[in-house]
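Shown next: run.pdb, containing PDB, C-alpha atoms.
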ATOM      1  CA  MET A 148     -18.392  18.961  83.793
ATOM      2  CA  THR A 149     -15.290  19.732  81.710
ATOM      3  CA  ALA A 150     -13.240  22.698  82.911
ATOM      4  CA  THR A 151     -12.575  25.560  80.513
ATOM      5  CA  ALA A 152      -9.526  27.852  80.480
ATOM      6  CA  LEU A 153      -9.585  31.249  78.763
ATOM      7  CA  PHE A 154      -6.300  32.758  77.572
ATOM      8  CA  CYS A 155      -6.160  36.453  76.777
ATOM      9  CA  GLY A 156      -3.311  38.382  75.188
ATOM     10  CA  ASP A 157      -1.041  38.386  72.191
ATOM     11  CA  ILE A 158      -0.781  36.491  68.925
ATOM     12  CA  ALA A 159       2.183  36.616  66.566
ATOM     13  CA  PHE A 160       3.284  35.015  63.334
ATOM     14  CA  ASP A 161       6.452  33.130  64.313
ATOM     15  CA  VAL A 162       9.365  32.149  62.096
ATOM     16  CA  ALA A 163      12.113  30.031  63.695
ATOM     17  CA  LEU A 164      15.315  29.221  61.794
ATOM     18  CA  ARG A 165      18.272  27.034  62.734
ATOM     19  CA  VAL A 166      21.418  28.269  61.011
ATOM     20  CA  PRO A 167      25.071  27.150  61.086
ATOM     21  CA  HIS A 168      26.046  30.691  62.088
ATOM     22  CA  HIS A 169      24.610  34.197  62.089
ATOM     23  CA  PRO A 170      25.611  36.092  58.944
ATOM     24  CA  ASP A 171      27.734  39.202  59.086
ATOM     25  CA  ALA A 172      26.738  42.435  57.357
ATOM     26  CA  ASP A 173      25.928  41.950  53.661
ATOM     27  CA  GLN A 174      26.213  38.171  54.054
ATOM     28  CA  LYS A 175      23.611  35.458  53.978
ATOM     29  CA  THR A 176      23.429  31.941  55.310
ATOM     30  CA  HIS A 177      21.077  29.036  54.653
ATOM     31  CA  ALA A 178      18.861  27.602  57.385
ATOM     32  CA  PHE A 179      18.975  23.841  57.726
ATOM     33  CA  GLU A 180      15.759  23.685  59.763
ATOM     34  CA  ASN A 181      12.779  26.006  59.933
ATOM     35  CA  LEU A 182       9.406  26.266  61.587
ATOM     36  CA  VAL A 183       6.506  28.613  60.875
ATOM     37  CA  SER A 184       3.715  28.796  63.434
ATOM     38  CA  ALA A 185       1.440  31.013  65.474
ATOM     39  CA  GLY A 186       3.147  32.402  68.565
ATOM     40  CA  GLY A 187       2.827  34.918  71.362
ATOM     41  CA  VAL A 188       2.648  34.387  75.121
ATOM     42  CA  ALA A 189      -1.125  33.871  75.259
ATOM     43  CA  ALA A 190      -1.273  31.766  72.102
ATOM     44  CA  ASN A 191       1.598  29.525  73.197
ATOM     45  CA  SER A 192       0.143  28.916  76.655
ATOM     46  CA  ALA A 193      -3.269  28.194  75.135
ATOM     47  CA  VAL A 194      -1.786  25.519  72.858
ATOM     48  CA  ALA A 195       0.115  23.940  75.765
ATOM     49  CA  CYS A 196      -3.087  23.787  77.809
ATOM     50  CA  ALA A 197      -5.157  22.382  74.932
ATOM     51  CA  ARG A 198      -2.523  19.688  74.310
ATOM     52  CA  GLN A 199      -3.179  18.486  77.863
ATOM     53  CA  GLY A 200      -6.822  17.808  77.033
ATOM     54  CA  VAL A 201      -8.416  20.859  78.682
ATOM     55  CA  ALA A 202     -11.044  22.881  76.814
ATOM     56  CA  THR A 203      -9.173  26.048  75.860
ATOM     57  CA  THR A 204     -10.374  29.316  74.355
ATOM     58  CA  LEU A 205      -8.388  32.335  73.193
ATOM     59  CA  LEU A 206      -9.423  35.968  73.491
ATOM     60  CA  ALA A 207      -7.204  38.032  71.208
ATOM     61  CA  VAL A 208      -6.962  40.352  68.213
ATOM     62  CA  VAL A 209      -5.154  39.858  64.904
ATOM     63  CA  GLY A 210      -4.550  42.197  62.017
ATOM     64  CA  ASP A 211      -6.581  41.998  58.820
ATOM     65  CA  ASP A 212      -3.650  40.509  56.935
ATOM     66  CA  VAL A 213      -2.735  37.051  55.684
ATOM     67  CA  LEU A 214      -0.504  36.480  58.728
ATOM     68  CA  GLY A 215      -3.418  36.984  61.108
ATOM     69  CA  ALA A 216      -5.543  34.535  59.138
ATOM     70  CA  TYR A 217      -2.720  31.991  59.135
ATOM     71  CA  ALA A 218      -2.134  32.324  62.884
ATOM     72  CA  THR A 219      -5.829  31.924  63.678
ATOM     73  CA  ASP A 220      -6.175  28.844  61.470
ATOM     74  CA  PHE A 221      -2.989  27.378  62.958
ATOM     75  CA  LEU A 222      -4.293  27.691  66.516
ATOM     76  CA  ASP A 223      -7.665  26.267  65.537
ATOM     77  CA  ALA A 224      -5.899  23.205  64.133
ATOM     78  CA  LYS A 225      -4.047  22.852  67.458
ATOM     79  CA  GLY A 226      -7.340  22.440  69.314
ATOM     80  CA  VAL A 227      -7.739  25.998  70.616
ATOM     81  CA  ASP A 228     -11.203  27.575  70.369
ATOM     82  CA  VAL A 229     -10.520  30.747  68.359
ATOM     83  CA  THR A 230     -14.071  32.101  68.193
ATOM     84  CA  GLY A 231     -12.913  34.855  70.571
ATOM     85  CA  VAL A 232     -10.207  36.030  68.164
ATOM     86  CA  THR A 233     -11.306  39.147  66.293
ATOM     87  CA  THR A 234      -9.785  41.047  63.376
ATOM     88  CA  THR A 235      -8.895  44.724  63.273
ATOM     89  CA  PRO A 236      -7.226  46.889  60.606
ATOM     90  CA  GLY A 237      -3.468  46.674  60.850
ATOM     91  CA  MET A 238      -0.578  44.248  60.892
ATOM     92  CA  THR A 239      -0.298  41.081  62.929
ATOM     93  CA  ALA A 240       2.898  40.898  65.002
ATOM     94  CA  VAL A 241       5.829  39.031  63.453
ATOM     95  CA  SER A 242       8.578  37.295  65.403
ATOM     96  CA  VAL A 243      11.695  35.994  63.649
ATOM     97  CA  CYS A 244      14.148  33.904  65.659
ATOM     98  CA  THR A 245      17.464  32.581  64.370
ATOM     99  CA  LEU A 246      19.293  29.958  66.399
ATOM    100  CA  ALA A 247      22.936  29.193  65.578
ATOM    101  CA  ASP A 248      24.812  25.934  66.179
ATOM    102  CA  ASP A 249      26.718  27.507  69.067
ATOM    103  CA  GLY A 250      23.438  28.175  70.864
ATOM    104  CA  GLU A 251      23.392  31.928  70.215
ATOM    105  CA  LYS A 252      19.867  33.185  69.565
ATOM    106  CA  ARG A 253      18.742  36.387  67.856
ATOM    107  CA  LEU A 254      15.166  37.595  67.918
ATOM    108  CA  VAL A 255      13.391  40.351  66.003
ATOM    109  CA  TYR A 256       9.822  41.251  66.990
ATOM    110  CA  THR A 257       7.367  43.779  65.584
ATOM    111  CA  SER A 258       4.746  45.268  67.896
ATOM    112  CA  SER A 259       1.328  45.553  66.311
ATOM    113  CA  VAL A 260      -2.428  45.520  66.738
ATOM    114  CA  SER A 261      -2.272  41.887  67.877
ATOM    115  CA  GLN A 262      -0.440  42.622  71.135
ATOM    116  CA  TYR A 263      -3.498  42.787  73.430
ATOM    117  CA  PRO A 264      -7.288  43.218  73.075
ATOM    118  CA  PRO A 265      -8.607  46.721  73.896
ATOM    119  CA  PRO A 266     -10.507  47.343  77.177
ATOM    120  CA  GLU A 267     -13.879  47.659  75.460
ATOM    121  CA  ARG A 268     -13.446  44.205  73.956
ATOM    122  CA  LEU A 269     -12.817  42.741  77.410
ATOM    123  CA  ARG A 270     -15.819  44.462  78.983
ATOM    124  CA  ASP A 271     -18.088  42.644  76.518
ATOM    125  CA  ALA A 272     -16.288  39.270  76.428
ATOM    126  CA  ASP A 273     -18.439  36.244  77.219
ATOM    127  CA  LEU A 274     -17.122  34.586  80.386
ATOM    128  CA  ASP A 275     -19.972  32.106  80.849
ATOM    129  CA  GLY A 276     -18.620  28.636  81.588
ATOM    130  CA  VAL A 277     -15.042  29.869  82.077
ATOM    131  CA  ASP A 278     -13.267  28.306  85.071
ATOM    132  CA  TRP A 279      -9.845  29.929  84.703
ATOM    133  CA  ILE A 280      -8.471  33.057  83.012
ATOM    134  CA  HIS A 281      -4.806  33.464  82.094
ATOM    135  CA  THR A 282      -3.435  36.734  80.773
ATOM    136  CA  SER A 283      -0.381  38.926  80.480
ATOM    137  CA  CYS A 284      -0.136  42.540  81.648
ATOM    138  CA  LEU A 285       1.267  44.053  78.464
ATOM    139  CA  HIS A 286      -1.708  46.435  78.581
ATOM    140  CA  PRO A 287      -2.227  47.024  82.338
ATOM    141  CA  GLY A 288      -5.479  48.946  81.927
ATOM    142  CA  ALA A 289      -7.095  46.280  79.757
ATOM    143  CA  ALA A 290      -5.808  43.463  81.978
ATOM    144  CA  ALA A 291      -7.330  45.242  84.980
ATOM    145  CA  VAL A 292     -10.739  45.217  83.270
ATOM    146  CA  LEU A 293     -10.511  41.470  82.786
ATOM    147  CA  ALA A 294      -9.244  40.916  86.349
ATOM    148  CA  GLU A 295     -12.111  42.933  87.815
ATOM    149  CA  ARG A 296     -14.603  40.813  85.913
ATOM    150  CA  ALA A 297     -12.864  37.630  87.070
ATOM    151  CA  ARG A 298     -13.041  38.700  90.718
ATOM    152  CA  ALA A 299     -16.711  39.683  90.367
ATOM    153  CA  THR A 300     -17.587  36.244  88.994
ATOM    154  CA  SER A 301     -15.181  34.230  91.215
ATOM    155  CA  ILE A 302     -13.181  32.952  88.235
ATOM    156  CA  ARG A 303      -9.641  31.980  89.153
ATOM    157  CA  MET A 304      -7.036  33.993  87.316
ATOM    158  CA  SER A 305      -3.334  33.696  86.577
ATOM    159  CA  ILE A 306      -0.941  36.328  85.241
ATOM    160  CA  ASP A 307       2.184  35.949  83.125
ATOM    161  CA  LEU A 308       4.201  38.869  84.431
ATOM    162  CA  GLU A 309       6.809  39.529  81.762
ATOM    163  CA  PRO A 310       9.721  41.946  82.247
ATOM    164  CA  ALA A 311       8.134  44.166  79.572
ATOM    165  CA  ALA A 312       5.005  44.475  81.721
ATOM    166  CA  LEU A 313       7.050  45.374  84.797
ATOM    167  CA  ALA A 314       8.294  48.422  82.901
ATOM    168  CA  HIS A 315       4.857  49.941  83.629
ATOM    169  CA  GLY A 316       5.614  49.771  87.379
ATOM    170  CA  THR A 317       4.017  47.509  89.980
ATOM    171  CA  GLU A 318       1.515  50.178  91.032
ATOM    172  CA  ALA A 319       0.113  50.346  87.504
ATOM    173  CA  LEU A 320      -0.158  46.540  87.534
ATOM    174  CA  ALA A 321      -1.792  46.332  90.979
ATOM    175  CA  PRO A 322      -5.448  46.326  89.777
ATOM    176  CA  ALA A 323      -4.732  43.354  87.518
ATOM    177  CA  LEU A 324      -2.637  41.442  90.049
ATOM    178  CA  LEU A 325      -4.958  41.752  93.041
ATOM    179  CA  GLY A 326      -5.925  38.330  94.384
ATOM    180  CA  ALA A 327      -4.517  36.320  91.464
ATOM    181  CA  GLU A 328      -4.454  32.549  91.900
ATOM    182  CA  VAL A 329      -0.990  32.302  90.315
ATOM    183  CA  VAL A 330       1.555  34.779  88.974
ATOM    184  CA  PHE A 331       4.211  33.344  86.644
ATOM    185  CA  LEU A 332       7.621  35.036  86.639
ATOM    186  CA  ASN A 333      10.804  34.321  84.698
ATOM    187  CA  GLU A 334      14.246  34.838  86.213
ATOM    188  CA  GLN A 335      14.578  38.408  84.978
ATOM    189  CA  ALA A 336      11.175  39.424  86.337
ATOM    190  CA  THR A 337      11.875  37.701  89.651
ATOM    191  CA  GLY A 338      15.095  39.656  89.992
ATOM    192  CA  SER A 339      13.277  42.930  89.314
ATOM    193  CA  ILE A 340      10.616  42.281  91.929
ATOM    194  CA  GLY A 341      12.896  41.382  94.817
ATOM    195  CA  ASP A 342      11.295  39.822  97.884
ATOM    196  CA  LEU A 343       8.502  37.526  96.693
ATOM    197  CA  ARG A 344       6.743  37.260 100.037
ATOM    198  CA  THR A 345       6.382  41.028 100.296
ATOM    199  CA  PHE A 346       5.253  41.227  96.669
ATOM    200  CA  SER A 347       2.702  38.440  97.205
ATOM    201  CA  ALA A 348       1.340  39.937 100.405
ATOM    202  CA  ARG A 349       0.980  43.409  98.867
ATOM    203  CA  HIS A 350      -1.118  42.075  95.985
ATOM    204  CA  ARG A 351      -2.806  39.262  97.958
ATOM    205  CA  LEU A 352      -1.489  36.633  95.582
ATOM    206  CA  LYS A 353      -2.292  33.022  96.379
ATOM    207  CA  SER A 354       0.869  31.668  94.750
ATOM    208  CA  VAL A 355       3.823  32.588  92.568
ATOM    209  CA  VAL A 356       5.594  30.272  90.115
ATOM    210  CA  CYS A 357       9.133  31.325  89.222
ATOM    211  CA  THR A 358      10.767  29.670  86.234
ATOM    212  CA  ARG A 359      14.477  29.092  86.825
ATOM    213  CA  GLY A 360      15.829  28.163  83.400
ATOM    214  CA  PHE A 361      17.899  24.995  83.516
ATOM    215  CA  ARG A 362      17.116  24.684  87.242
ATOM    216  CA  GLY A 363      13.398  24.084  86.716
ATOM    217  CA  ALA A 364      10.810  26.118  88.614
ATOM    218  CA  ALA A 365       9.730  27.020  92.136
ATOM    219  CA  LEU A 366       6.276  27.530  93.638
ATOM    220  CA  THR A 367       5.898  29.970  96.535
ATOM    221  CA  THR A 368       2.754  30.175  98.680
ATOM    222  CA  SER A 369       1.972  31.513 102.146
ATOM    223  CA  SER A 370       2.777  28.061 103.540
ATOM    224  CA  GLY A 371       6.202  27.685 101.967
ATOM    225  CA  ARG A 372       8.209  27.031  98.849
ATOM    226  CA  ILE A 373       8.518  23.990  96.567
ATOM    227  CA  ALA A 374      11.288  23.726  93.976
ATOM    228  CA  VAL A 375      11.287  21.186  91.149
ATOM    229  CA  ALA A 376      14.414  20.501  89.123
ATOM    230  CA  PRO A 377      14.068  19.495  85.455
ATOM    231  CA  PRO A 378      14.554  15.956  84.143
ATOM    232  CA  THR A 379      18.185  15.114  83.499
ATOM    233  CA  GLY A 380      19.655  14.224  80.138
ATOM    234  CA  GLU A 381      17.221  16.208  78.002
ATOM    235  CA  ARG A 382      18.670  17.642  74.789
ATOM    236  CA  ILE A 383      18.259  21.425  74.656
ATOM    237  CA  VAL A 384      17.710  22.870  71.172
ATOM    238  CA  ASP A 385      15.597  25.981  71.681
ATOM    239  CA  THR A 386      14.196  27.480  74.892
ATOM    240  CA  THR A 387      11.733  29.771  73.090
ATOM    241  CA  GLY A 388       8.254  29.449  74.593
ATOM    242  CA  ALA A 389       9.331  27.114  77.410
ATOM    243  CA  GLY A 390       7.840  29.385  80.076
ATOM    244  CA  ASP A 391       4.585  29.622  78.120
ATOM    245  CA  CYS A 392       4.467  25.824  77.938
ATOM    246  CA  LEU A 393       5.051  25.574  81.678
ATOM    247  CA  ALA A 394       2.196  27.976  82.433
ATOM    248  CA  GLY A 395      -0.254  26.253  80.096
ATOM    249  CA  VAL A 396       0.484  22.777  81.454
ATOM    250  CA  TYR A 397       0.383  23.941  85.071
ATOM    251  CA  ILE A 398      -3.054  25.474  84.527
ATOM    252  CA  ALA A 399      -4.322  22.367  82.734
ATOM    253  CA  ARG A 400      -3.125  20.044  85.487
ATOM    254  CA  PHE A 401      -4.476  22.304  88.239
ATOM    255  CA  LEU A 402      -7.882  22.396  86.529
ATOM    256  CA  SER A 403      -7.759  18.599  86.199
ATOM    257  CA  GLY A 404      -7.495  18.241  89.973
ATOM    258  CA  ALA A 405      -3.745  17.861  90.477
ATOM    259  CA  ASP A 406      -2.161  19.210  93.652
ATOM    260  CA  PRO A 407       0.321  22.094  93.173
ATOM    261  CA  LEU A 408       3.429  19.868  93.384
ATOM    262  CA  SER A 409       2.089  17.376  90.835
ATOM    263  CA  ALA A 410       1.012  20.212  88.545
ATOM    264  CA  LEU A 411       4.452  21.809  88.775
ATOM    265  CA  ARG A 412       6.247  18.524  88.079
ATOM    266  CA  ALA A 413       4.116  17.981  84.960
ATOM    267  CA  ALA A 414       4.735  21.578  83.865
ATOM    268  CA  VAL A 415       8.515  21.424  84.339
ATOM    269  CA  ALA A 416       8.764  18.063  82.565
ATOM    270  CA  SER A 417       6.701  19.347  79.626
ATOM    271  CA  ALA A 418       8.630  22.610  79.297
ATOM    272  CA  THR A 419      11.986  20.817  79.445
ATOM    273  CA  SER A 420      10.893  18.345  76.777
ATOM    274  CA  ALA A 421       9.686  21.226  74.593
ATOM    275  CA  CYS A 422      13.195  22.705  74.658
ATOM    276  CA  GLY A 423      14.393  19.728  72.623
ATOM    277  CA  HIS A 424      12.566  21.045  69.557
ATOM    278  CA  LEU A 425      12.813  24.118  67.352
ATOM    279  CA  GLY A 426      10.327  26.908  67.930
ATOM    280  CA  ALA A 427       7.922  27.760  70.715
ATOM    281  CA  GLN A 428       5.290  25.081  70.065
ATOM    282  CA  GLY A 429       7.257  22.492  68.101
ATOM    283  CA  GLY A 430       7.634  20.143  71.057
ATOM    284  CA  TYR A 431       4.675  20.888  73.331
ATOM    285  CA  PRO A 432       3.647  17.428  74.585
ATOM    286  CA  ASP A 433       0.162  15.986  74.825
ATOM    287  CA  ARG A 434      -1.199  14.671  78.114
ATOM    288  CA  LYS A 435      -0.080  11.078  77.542
ATOM    289  CA  THR A 436       3.470  12.150  76.742
ATOM    290  CA  THR A 437       3.603  14.387  79.812
ATOM    291  CA  ASP A 438       2.397  11.493  81.980
ATOM    292  CA  GLU A 439       5.192   9.348  80.569
ATOM    293  CA  LEU A 440       7.779  12.064  81.237
ATOM    294  CA  VAL A 441       6.615  12.388  84.834
ATOM    295  CA  ALA A 442       6.574   8.616  85.352
ATOM    296  CA  GLU A 443      10.204   8.391  84.283
ATOM    297  CA  GLY A 444      11.131  10.620  87.220
ATOM    298  CA  TRP A 445      13.931  13.114  87.707
ATOM    299  CA  PRO A 446      15.799  14.664  90.668
ATOM    300  CA  GLU A 447      13.736  17.165  92.577
ATOM    301  CA  GLY A 448      14.370  19.387  95.566
ATOM    302  CA  LEU A 449      11.721  20.505  98.014
ATOM    303  CA  GLY A 450      12.159  23.896  99.596
ATOM    304  CA  ALA A 451      15.522  24.342  97.805
TER     305      ALA A 451
END
Show me the file's structure as structure tokens.
Amino acid sequence: MTATALFCGDIAFDVALRVPHHPDADQKTHAFENLVSAGGVAANSAVACARQGVATTLLAVVGDDVLGAYATDFLDAKGVDVTGVTTTPGMTAVSVCTLADDGEKRLVYTSSVSQYPPPERLRDADLDGVDWIHTSCLHPGAAAVLAERARATSIRMSIDLEPAALAHGTEALAPALLGAEVVFLNEQATGSIGDLRTFSARHRLKSVVCTRGFRGAALTTSSGRIAVAPPTGERIVDTTGAGDCLAGVYIARFLSGADPLSALRAAVASATSACGHLGAQGGYPDRKTTDELVAEGWPEGLGA
């Protein structure tokens, strides 16, 4: 039977622009490359997972505007089941990213109704046939509702713990984190948490994946730590959405039967390759491409 992954969280309308330089006040510049797509942590990870050949559904909310309709249609075309995406009055989030030739990035984001589904929506969500749930904790109370349902039905769950979510405090996040299969952290979030073993033990986490930027990622479990460095020689254009790609691919590979090290290698290779393209989803690889990236090999360190 084919495994199914459910992603719950945010959707945004993304605009990515490559410019020769950022304009000063009252100036303008012309972009020489642009990309318009659906974005958001949950949406990005869902696309990355679907690209790996895993049945992927999205539970989210968009505004009743043209941007919400565009984002939903975009994700549907990417192979994500969007029947769980509902519409509510209001504006869909917009994210505008400009990337200059010198590598400097500027990002403007509007919070909106599409940030996270409300608790009542999650209480009624159909979880039949779902093998894995992945969510953020941008709305701790709503995420806790979903986590409680996952535990009650023995569905494995992973959490993308963004720095913005940590602003709520770890105690507020505890009901959502309890017993999670995997928690994904970026470097900033890892630094805020401190000792990972203590954090994992307190929340009974089975594993933690820490992204490490240009150093790859590390997986920590009760039995030890595995670090995987990224492939060498990859051209870096835009790191937007790389962590979302890593999470989506890791989940897909885990659901496909890969061991944690193999899943992490595939995830790091995919995320690094994605950084060679503009925008969050512009370079998310399919399963065949990821297999080829892994087969090429790259330096890796175990327990580093």
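Matched in the shown structure by the PyMOL selection byres ((chain A and resi 258-266) around 7): Gly156, Asp157, Ile158, Ala207, Val208, Val209, Gly210, Gly237, Met238, Thr239, Ala240, Tyr256, Thr257, Glu267, Arg268, Leu269, Arg270, His286, Ala289 and Val292 of chain A.
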Show me the residues around (5.2, 33.3, 73.4) - criterion: an atom at most 9 Å away, only C-alpha atoms counted - as a compact mmCIF listing (two decimals) with C-alpha atoms, keeping the file's coordinate frame.
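What ended up in point_32.txt:
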# COMPACT_ATOMS: atom_id res chain seq x y z
CA ASP A 157 -1.04 38.39 72.19
CA ILE A 158 -0.78 36.49 68.92
CA ALA A 159 2.18 36.62 66.57
CA GLY A 186 3.15 32.40 68.56
CA GLY A 187 2.83 34.92 71.36
CA VAL A 188 2.65 34.39 75.12
CA ALA A 189 -1.12 33.87 75.26
CA ALA A 190 -1.27 31.77 72.10
CA ASN A 191 1.60 29.52 73.20
CA SER A 192 0.14 28.92 76.66
CA THR A 387 11.73 29.77 73.09
CA GLY A 388 8.25 29.45 74.59
CA ALA A 389 9.33 27.11 77.41
CA GLY A 390 7.84 29.38 80.08
CA ASP A 391 4.58 29.62 78.12
CA CYS A 392 4.47 25.82 77.94
CA ALA A 427 7.92 27.76 70.72
CA GLN A 428 5.29 25.08 70.06
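Across the structure, atom CA of A:Ser403 and atom CA of A:His424 are spaced 26.4 Å apart.
Here the PyMOL selection byres ((chain A and resi 230) around 10) matches the residues Thr204, Leu205, Leu206, Ala207, Thr219, Asp223, Val227, Asp228, Val229, Gly231, Val232 and Thr233 of chain A.
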Please evaluate the PyMOL selection byres ((chain A and resi 153) around 9) against the displayed coordinates and give the resulting residues as a list in words.
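That selection, the PyMOL selection byres ((chain A and resi 153) around 9), comes back as Thr151, Ala152, Phe154, Cys155, Ala193, Ala202, Thr203, Thr204, Leu205, Leu206, Leu274, Val277, Asp278, Trp279, Ile280, His281 and Thr282 of chain A.
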Within 12 Å of (15.8, 40.2, 86.6) (coordinates as in the file), grab all the protein and nucleic acid residues, counting only C-alpha atoms, and write them out as a list in words.
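Neighbouring residues, ordered by chain and number, come to Leu308, Glu309, Pro310, Ala311, Leu313, Ala314, Leu332, Asn333, Glu334, Gln335, Ala336, Thr337, Gly338, Ser339, Ile340, Gly341, Cys357, Thr358 and Arg359 of chain A.
With distances restricted to only C-alpha atoms, A:Ser184 is the closest residue to A:Asp220 from A:Ser184, A:Ser242, A:Ala376, A:Leu425.
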Using only C-alpha atoms, which residues sit within 12 Å of A:Ala365 once same-chain residues fewer than 3 positions away are excluded, as JSON, numbers by chain?
{"A": [330, 331, 332, 333, 334, 337, 343, 354, 355, 356, 357, 358, 359, 360, 362, 368, 371, 372, 373, 374, 375, 376, 377, 393, 407, 408, 410, 411, 412, 414, 415, 447, 448, 449, 450, 451]}
For A:Ala197, which residue among A:Pro322, A:Gly426, A:Pro236, A:Pro432 is the nearest when counting all atoms listed in the file?
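Closest candidate: A:Pro432.
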Atom pair atom CA of A:Val194 / atom CA of A:Phe346: separation (Å):
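Atom CA of A:Phe346 lies 29.4 Å from atom CA of A:Val194.
The space separating atom CA of A:Tyr217 from atom CA of A:Ala399 comes to 25.5 Å.
Closest to A:Arg303 among A:Gly326, A:Gly363, A:Gly215, A:Gly200 is A:Gly326, based on all atoms listed in the file.
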